[in-house]
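J.: Here it is, the structure in full.
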Amino acid sequence: MVNTPEELGAWLRLVLTPGVGTESARRLLAAFGEPEAIFAQTETALCQVVSPQQAQALCLMPDGCAALAQDTLAWVQAGAGPSRCVITLGDADYPAPLLDIPDPPLMLYAMGQTAHLPRLRAEQALAMVGSRNPTPQGAENARAFACSLAASGLTVVSGLALGVDGASHEGALQGAALGQLATIAVVGTGLDRVYPRQHRDLAHRIAQNGLILSEYPLGTPPLSPNFPRRNRLISGLSQATLVVEAALPSGSLITAKQALEQGRDVMAIPGSIHATQSKGCHALIKQGAKLVESAQDVLEELRLPAPDAQQALNLDKQAPEDAFSGSDPERALLRVLGHDPVGLDALQARCGWPTAQLQAQLLELELMGQVGRLPGGLFQRIGQA
């Protein structure tokens, strides 16, 4: 871990030098050793490893670098709150799985249960990603799968985004045993801010029972290009990526593509043929991703033992009608709803009820958590794991 102002300043200078990417930086490190040794070289010596333009840039101190080094060291040494550290490529605490990906970050900022960093293993982690605007069923699937998989001993890795990411983190926190590294959130901002703001409380709980990681310096705002780039770390930390729900153009499919490029497995949960959020999962399955219907399927694919309590997510058998405490009309409405999204007119044609009665029963089931409301005036029954 970085401990001195000089060491931290040299690493930040290397990362922040314009025009010097991670590939060039790794060549420089291989040639000269630590960053402090790189900046002790002449421009002529640097030109033996990188381009003249890059060598010239390396001889100049990036604006704000010294102040950022001071702020970062103060952040690391802050006494209150969860543990914080900055680790660099080659540190003993650097996560081993990231050394196997094509583009490991030069620096990682970590907050939370940092003692787990040197013990991270890809075979003990599963990435879970999906839509920022999932269906109610998709959000419940993410939470239930993550809860069950964490209870099986896996660490759930995701990106702290709204929707499936947040539900996955929540489920992992719920299912993990005391002392277990429940979940890892890889974010696209500096660790001195939480994005989105709605997940401030969630981020605090992750820091208590998991890890929050970023490759971006403190003060980095939520810039659009940073989020697809950080996805390679989500997949890289894990032995497989599970896509819960995803539209065809989505960051989740970028993560799945990166997982395949890294030699990791990809799995997907199927959904309704009528739901836009399922199109990406169906495309992945057509391309060879493992179709999973339960946490048990995931564990079998990963060749991990499943605890006796593991339950399949079977939408046709779960929540039997006589288990509902509602009236007969409510049970009848659940039966005609099925499990695909359906509009009010189509539902009315199925049951023949007056509009007012149908809307009242739907609201009752929605308040009970048995029915979700989708965009476009659609409704969908929600299954429980």
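Just so we're on the same page: first chain in the structure tokens is A, next is B, and so on; residues restart at 1 for each chain, and ligands are numbered from 1 in the order they show up.
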I'd like the contact shell of Leu347 (chain A) - 12 Å cut-off, only C-alpha atoms, skipping same-chain residues fewer than 3 positions apart - returned as a list in words.

T.: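 That gives Ala332, Leu333, Leu334, Arg335, Val336, Leu337, Gly338, Asp340, Pro341, Val342, Gly343, Leu344, Arg350, Cys351, Gly352, Trp353, Pro354, Thr355, Leu358, Gln359, Gln361, Leu362, Gly377, Leu378, Phe379 and Gln380 of chain A.
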
J.: List as a ChimeraX atom specification the protein and nucleic acid residues near Cys59 (chain A), meaning an atom at most 9 Å away when only C-alpha atoms are counted, but skip any in the same chain fewer than 2 places from it.

T.: /A:39,41-43,54-57,61

J.: Looking at A:Ala69, A:Ala80, A:Leu106, A:Leu191, which one is nearest to Thr22 (chain A), with distances taken over only C-alpha atoms?

T.: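 Selected residue with least distance to Thr22 (chain A): A:Leu106.
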
J.: Residues near region 202-216 of chain A, anyone? I mean within 7 Å using only C-alpha atoms, not counting same-chain ones fewer than 4 positions away, as a PDB file with N, CA and C atoms, in the first residue's frame.

T.:
ATOM      1  N   PRO A  82     -14.836   3.861   7.871  1.00  0.00           N
ATOM      2  CA  PRO A  82     -14.256   2.579   7.445  1.00  0.00           C
ATOM      3  C   PRO A  82     -12.798   2.737   7.011  1.00  0.00           C
ATOM      4  N   PRO A 105      -5.721  -1.658 -13.642  1.00  0.00           N
ATOM      5  CA  PRO A 105      -5.452  -0.252 -13.291  1.00  0.00           C
ATOM      6  C   PRO A 105      -4.133  -0.100 -12.543  1.00  0.00           C
ATOM      7  N   MET A 107      -3.554   2.155 -10.258  1.00  0.00           N
ATOM      8  CA  MET A 107      -3.877   2.477  -8.863  1.00  0.00           C
ATOM      9  C   MET A 107      -5.306   2.054  -8.573  1.00  0.00           C
ATOM     10  N   LEU A 108      -5.534   1.601  -7.358  1.00  0.00           N
ATOM     11  CA  LEU A 108      -6.875   1.276  -6.884  1.00  0.00           C
ATOM     12  C   LEU A 108      -7.096   1.949  -5.536  1.00  0.00           C
ATOM     13  N   TYR A 109      -8.243   2.579  -5.414  1.00  0.00           N
ATOM     14  CA  TYR A 109      -8.645   3.185  -4.146  1.00  0.00           C
ATOM     15  C   TYR A 109      -9.668   2.248  -3.520  1.00  0.00           C
ATOM     16  N   ALA A 110      -9.494   1.948  -2.251  1.00  0.00           N
ATOM     17  CA  ALA A 110     -10.364   0.972  -1.593  1.00  0.00           C
ATOM     18  C   ALA A 110     -10.887   1.532  -0.280  1.00  0.00           C
ATOM     19  N   MET A 111     -12.133   1.195   0.028  1.00  0.00           N
ATOM     20  CA  MET A 111     -12.752   1.614   1.287  1.00  0.00           C
ATOM     21  C   MET A 111     -13.634   0.480   1.795  1.00  0.00           C
ATOM     22  N   GLY A 112     -13.522   0.183   3.071  1.00  0.00           N
ATOM     23  CA  GLY A 112     -14.338  -0.866   3.662  1.00  0.00           C
ATOM     24  C   GLY A 112     -13.486  -1.912   4.337  1.00  0.00           C
ATOM     25  N   GLN A 113     -13.798  -3.171   4.059  1.00  0.00           N
ATOM     26  CA  GLN A 113     -13.070  -4.290   4.661  1.00  0.00           C
ATOM     27  C   GLN A 113     -11.788  -4.558   3.867  1.00  0.00           C
ATOM     28  N   THR A 114     -10.829  -3.619   3.969  1.00  0.00           N
ATOM     29  CA  THR A 114      -9.628  -3.668   3.139  1.00  0.00           C
ATOM     30  C   THR A 114      -8.716  -4.847   3.490  1.00  0.00           C
ATOM     31  N   LEU A 181     -17.031 -11.410   3.402  1.00  0.00           N
ATOM     32  CA  LEU A 181     -17.008 -10.282   2.471  1.00  0.00           C
ATOM     33  C   LEU A 181     -18.239 -10.405   1.587  1.00  0.00           C
ATOM     34  N   ALA A 182     -19.282  -9.671   1.931  1.00  0.00           N
ATOM     35  CA  ALA A 182     -20.587  -9.855   1.295  1.00  0.00           C
ATOM     36  C   ALA A 182     -20.593  -9.409  -0.154  1.00  0.00           C
ATOM     37  N   THR A 183     -20.043  -8.227  -0.419  1.00  0.00           N
ATOM     38  CA  THR A 183     -20.203  -7.654  -1.748  1.00  0.00           C
ATOM     39  C   THR A 183     -19.103  -6.650  -2.023  1.00  0.00           C
ATOM     40  N   ILE A 184     -18.800  -6.453  -3.297  1.00  0.00           N
ATOM     41  CA  ILE A 184     -17.834  -5.457  -3.748  1.00  0.00           C
ATOM     42  C   ILE A 184     -18.536  -4.543  -4.736  1.00  0.00           C
ATOM     43  N   ALA A 185     -18.459  -3.236  -4.495  1.00  0.00           N
ATOM     44  CA  ALA A 185     -19.006  -2.251  -5.418  1.00  0.00           C
ATOM     45  C   ALA A 185     -17.840  -1.568  -6.130  1.00  0.00           C
ATOM     46  N   VAL A 186     -17.810  -1.682  -7.459  1.00  0.00           N
ATOM     47  CA  VAL A 186     -16.782  -1.015  -8.259  1.00  0.00           C
ATOM     48  C   VAL A 186     -17.437   0.208  -8.891  1.00  0.00           C
ATOM     49  N   VAL A 187     -16.967   1.381  -8.540  1.00  0.00           N
ATOM     50  CA  VAL A 187     -17.659   2.611  -8.919  1.00  0.00           C
ATOM     51  C   VAL A 187     -16.863   3.378  -9.970  1.00  0.00           C
ATOM     52  N   GLY A 188     -17.547   4.327 -10.611  1.00  0.00           N
ATOM     53  CA  GLY A 188     -16.936   5.103 -11.682  1.00  0.00           C
ATOM     54  C   GLY A 188     -16.603   6.519 -11.294  1.00  0.00           C
ATOM     55  N   THR A 189     -16.536   6.794  -9.987  1.00  0.00           N
ATOM     56  CA  THR A 189     -16.192   8.118  -9.480  1.00  0.00           C
ATOM     57  C   THR A 189     -15.073   7.975  -8.461  1.00  0.00           C
ATOM     58  N   GLY A 190     -14.590   9.115  -7.957  1.00  0.00           N
ATOM     59  CA  GLY A 190     -13.688   9.066  -6.825  1.00  0.00           C
ATOM     60  C   GLY A 190     -14.430   8.577  -5.593  1.00  0.00           C
ATOM     61  N   LEU A 191     -13.696   7.984  -4.643  1.00  0.00           N
ATOM     62  CA  LEU A 191     -14.359   7.421  -3.463  1.00  0.00           C
ATOM     63  C   LEU A 191     -14.743   8.472  -2.422  1.00  0.00           C
ATOM     64  N   THR A 220     -13.028  12.764  -8.698  1.00  0.00           N
ATOM     65  CA  THR A 220     -13.517  12.451 -10.045  1.00  0.00           C
ATOM     66  C   THR A 220     -15.038  12.416 -10.051  1.00  0.00           C
TER      67      THR A 220
END

J.: Could you check how far CA of Gly19 (chain A) sits from CA of Phe227 (chain A), in Å to one decimal?

T.: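 Computing it gives 20.4 Å between the two atoms.
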
J.: Which is closest to Cys281 (chain A) among A:Gly179, A:Gly236, A:Pro221, A:Gly130, if we use only C-alpha atoms?

T.: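 Ranked by minimum distance to Cys281 (chain A), first place goes to A:Gly130.
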
J.: Return the single residue from A:Gly79, A:Pro52, A:Pro118, A:Gly251 that is closest to Arg229 (chain A), with distances computed using only C-alpha atoms.

T.: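 For Arg229 (chain A), the nearest of the given residues is A:Gly251.
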
J.: Applying 12 Å and only C-alpha atoms, which residues near Leu299 (chain A) remain after dropping the ones on its own chain fewer than 3 positions away? List them as a ChimeraX atom specification.

T.: /A:123-126,145-146,148-154,239-240,242,267,290,292-296,302-307,310-312

J.: May I ask which of the residues A:Val49, A:Ile382, A:Ala40, A:Ala67 is the closest one to Glu366 (chain A), counting only C-alpha atoms?

T.: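 The shortest atom-to-atom distance to Glu366 (chain A) comes from A:Ile382.
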
J.: As a ChimeraX atom specification, please: every residue in region 161-349 of chain A that DSSP puts in helix (DSSP H, G or I).

T.: /A:164-175,197-209,226-236,251-261,276-286,295-301,321-323,328-337,344-349

J.: So what do you get for CA of Gly64 (chain A) versus CA of Leu14 (chain A), distance-wise?

T.: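 Distance reported for this atom pair: 13.1 Å.
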
J.: For each of A:Ala275, A:Val298, A:Val86, A:Ile101, take the minimum atom-to-atom distance to Pro134 (chain A), counting only C-alpha atoms, then give the residue where this is smallest.

T.: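 Of A:Ala275, A:Val298, A:Val86, A:Ile101, the one nearest Pro134 (chain A) is A:Ala275, counting only C-alpha atoms.
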
J.: Could you check how far CA of Asp71 (chain A) sits from CA of Val15 (chain A), in Å to one decimal?

T.: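 For CA of Asp71 (chain A) relative to CA of Val15 (chain A), the distance reads 16.0 Å.
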
J.: Pick the closest to Trp75 (chain A) from A:Ser158, A:Asn141, A:Asn3, A:Ser235: which is it, counting only C-alpha atoms?

T.: A:Asn3

J.: Might you pull out every residue within 12 Å of Gly33 (chain A), with only C-alpha atoms counted and same-chain residues fewer than 5 positions away left off, and present them as a JSON list (two decimals) with N, CA and C atoms, in the first residue's frame?

T.:
[["chain", "number", "residue", "atom", "x", "y", "z"],
["A", 10, "ALA", "N", 4.35, 10.41, -6.79],
["A", 10, "ALA", "CA", 4.94, 9.87, -8.02],
["A", 10, "ALA", "C", 3.94, 9.01, -8.79],
["A", 11, "TRP", "N", 3.18, 8.18, -8.08],
["A", 11, "TRP", "CA", 2.17, 7.35, -8.75],
["A", 11, "TRP", "C", 1.08, 8.22, -9.38],
["A", 25, "ALA", "N", 2.50, 3.30, -19.38],
["A", 25, "ALA", "CA", 2.97, 3.36, -17.99],
["A", 25, "ALA", "C", 3.55, 2.02, -17.54],
["A", 26, "ARG", "N", 2.94, 0.93, -17.98],
["A", 26, "ARG", "CA", 3.49, -0.38, -17.61],
["A", 26, "ARG", "C", 4.85, -0.63, -18.26],
["A", 27, "ARG", "N", 5.04, -0.13, -19.48],
["A", 27, "ARG", "CA", 6.35, -0.25, -20.12],
["A", 27, "ARG", "C", 7.40, 0.54, -19.36],
["A", 28, "LEU", "N", 7.02, 1.71, -18.91],
["A", 28, "LEU", "CA", 7.95, 2.54, -18.13],
["A", 28, "LEU", "C", 8.31, 1.88, -16.80],
["A", 38, "ILE", "N", 11.22, 6.62, -12.60],
["A", 38, "ILE", "CA", 10.85, 7.09, -13.95],
["A", 38, "ILE", "C", 11.09, 8.58, -14.07],
["A", 39, "PHE", "N", 10.68, 9.33, -13.05],
["A", 39, "PHE", "CA", 10.79, 10.78, -13.13],
["A", 39, "PHE", "C", 12.19, 11.29, -12.84],
["A", 40, "ALA", "N", 13.08, 10.38, -12.49],
["A", 40, "ALA", "CA", 14.49, 10.75, -12.34],
["A", 40, "ALA", "C", 15.25, 10.61, -13.65],
["A", 41, "GLN", "N", 14.60, 10.07, -14.70],
["A", 41, "GLN", "CA", 15.25, 9.86, -15.98],
["A", 41, "GLN", "C", 15.28, 11.14, -16.82],
["A", 89, "LEU", "N", -0.20, -1.15, -8.69],
["A", 89, "LEU", "CA", 0.16, -2.35, -9.43],
["A", 89, "LEU", "C", 1.49, -2.90, -8.90],
["A", 90, "GLY", "N", 1.48, -4.14, -8.49],
["A", 90, "GLY", "CA", 2.68, -4.74, -7.93],
["A", 90, "GLY", "C", 2.68, -4.84, -6.43]]

J.: What residues in region 126-238 of chain A get the DSSP label strand (DSSP E)? Please answer as a list in words.

T.: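 Answer for region 126-238 of chain A restricted to strand (DSSP E) is Leu126, Ala127, Met128, Val129, Thr155, Val156, Val157, Ser158, Thr183, Ile184, Ala185, Val186, Leu211, Ile212, Leu213 and Ser214 of chain A.
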
J.: Would you save the residues of that selection, restricted to N, CA and C atoms, as an mmCIF file, in the first residue's frame?

T.:
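Output file out30.cif follows:
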data_model
loop_
_atom_site.group_PDB
_atom_site.id
_atom_site.type_symbol
_atom_site.label_atom_id
_atom_site.label_comp_id
_atom_site.auth_asym_id
_atom_site.auth_seq_id
_atom_site.Cartn_x
_atom_site.Cartn_y
_atom_site.Cartn_z
ATOM 1 N N LEU A 126 -18.768 -13.556 -7.805
ATOM 2 C CA LEU A 126 -19.654 -13.578 -8.964
ATOM 3 C C LEU A 126 -20.113 -12.158 -9.258
ATOM 4 N N ALA A 127 -19.970 -11.708 -10.515
ATOM 5 C CA ALA A 127 -20.474 -10.402 -10.913
ATOM 6 C C ALA A 127 -21.957 -10.520 -11.248
ATOM 7 N N MET A 128 -22.733 -9.542 -10.785
ATOM 8 C CA MET A 128 -24.150 -9.471 -11.126
ATOM 9 C C MET A 128 -24.440 -8.078 -11.661
ATOM 10 N N VAL A 129 -24.970 -8.016 -12.883
ATOM 11 C CA VAL A 129 -25.230 -6.739 -13.529
ATOM 12 C C VAL A 129 -26.588 -6.785 -14.207
ATOM 13 N N THR A 155 -18.928 -13.891 -2.938
ATOM 14 C CA THR A 155 -18.957 -12.435 -2.857
ATOM 15 C C THR A 155 -19.585 -11.908 -4.138
ATOM 16 N N VAL A 156 -20.609 -11.077 -4.015
ATOM 17 C CA VAL A 156 -21.312 -10.528 -5.167
ATOM 18 C C VAL A 156 -20.656 -9.204 -5.563
ATOM 19 N N VAL A 157 -20.247 -9.098 -6.825
ATOM 20 C CA VAL A 157 -19.584 -7.903 -7.341
ATOM 21 C C VAL A 157 -20.529 -7.181 -8.289
ATOM 22 N N SER A 158 -20.695 -5.882 -8.082
ATOM 23 C CA SER A 158 -21.562 -5.102 -8.969
ATOM 24 C C SER A 158 -21.080 -3.658 -8.956
ATOM 25 N N THR A 183 -20.043 -8.227 -0.419
ATOM 26 C CA THR A 183 -20.203 -7.654 -1.748
ATOM 27 C C THR A 183 -19.103 -6.650 -2.023
ATOM 28 N N ILE A 184 -18.800 -6.453 -3.297
ATOM 29 C CA ILE A 184 -17.834 -5.457 -3.748
ATOM 30 C C ILE A 184 -18.536 -4.543 -4.736
ATOM 31 N N ALA A 185 -18.459 -3.236 -4.495
ATOM 32 C CA ALA A 185 -19.006 -2.251 -5.418
ATOM 33 C C ALA A 185 -17.840 -1.568 -6.130
ATOM 34 N N VAL A 186 -17.810 -1.682 -7.459
ATOM 35 C CA VAL A 186 -16.782 -1.015 -8.259
ATOM 36 C C VAL A 186 -17.437 0.208 -8.891
ATOM 37 N N LEU A 211 -16.577 -4.128 0.265
ATOM 38 C CA LEU A 211 -15.550 -3.228 -0.252
ATOM 39 C C LEU A 211 -16.139 -2.314 -1.319
ATOM 40 N N ILE A 212 -15.646 -1.091 -1.378
ATOM 41 C CA ILE A 212 -15.934 -0.182 -2.483
ATOM 42 C C ILE A 212 -14.595 0.133 -3.136
ATOM 43 N N LEU A 213 -14.513 -0.090 -4.437
ATOM 44 C CA LEU A 213 -13.264 0.090 -5.177
ATOM 45 C C LEU A 213 -13.452 1.088 -6.314
ATOM 46 N N SER A 214 -12.381 1.814 -6.620
ATOM 47 C CA SER A 214 -12.371 2.710 -7.771
ATOM 48 C C SER A 214 -10.945 2.848 -8.278
#

J.: With only C-alpha atoms as the counted atoms, please give the residues lying no more than 10 Å from Val2 (chain A), apart from itself and same-chain residues fewer than 4 positions off, as a tab-separated table (two decimals) with N, CA and C atoms, in the first residue's frame.

T.:
chain	number	residue	atom	x	y	z
A	6	GLU	N	5.75	11.13	-0.97
A	6	GLU	CA	6.59	11.07	-2.17
A	6	GLU	C	6.15	9.94	-3.10
A	7	GLU	N	5.91	8.78	-2.51
A	7	GLU	CA	5.49	7.62	-3.30
A	7	GLU	C	4.13	7.86	-3.94
A	8	LEU	N	3.19	8.37	-3.14
A	8	LEU	CA	1.86	8.64	-3.66
A	8	LEU	C	1.90	9.69	-4.75
A	9	GLY	N	2.70	10.75	-4.54
A	9	GLY	CA	2.80	11.81	-5.53
A	9	GLY	C	3.36	11.31	-6.86
A	11	TRP	N	3.18	8.18	-8.08
A	11	TRP	CA	2.17	7.35	-8.75
A	11	TRP	C	1.08	8.22	-9.38
A	73	LEU	N	-3.66	11.54	0.69
A	73	LEU	CA	-3.02	11.03	1.89
A	73	LEU	C	-3.87	11.35	3.12
A	76	VAL	N	-6.73	8.86	3.19
A	76	VAL	CA	-6.30	7.54	3.64
A	76	VAL	C	-6.13	7.52	5.16
A	85	CYS	N	-7.54	2.79	1.80
A	85	CYS	CA	-6.16	2.62	1.35
A	85	CYS	C	-6.07	2.87	-0.15
A	86	VAL	N	-4.84	3.09	-0.59
A	86	VAL	CA	-4.52	3.19	-2.02
A	86	VAL	C	-3.49	2.12	-2.31
A	87	ILE	N	-3.79	1.26	-3.28
A	87	ILE	CA	-2.85	0.20	-3.64
A	87	ILE	C	-2.45	0.37	-5.10
A	88	THR	N	-1.24	-0.03	-5.41
A	88	THR	CA	-0.71	0.17	-6.76
A	88	THR	C	-0.31	-1.16	-7.38
A	91	ASP	N	1.76	-4.10	-5.76
A	91	ASP	CA	1.64	-4.24	-4.30
A	91	ASP	C	1.21	-5.66	-3.94
A	107	MET	N	-3.55	2.15	-10.26
A	107	MET	CA	-3.88	2.48	-8.86
A	107	MET	C	-5.31	2.05	-8.57
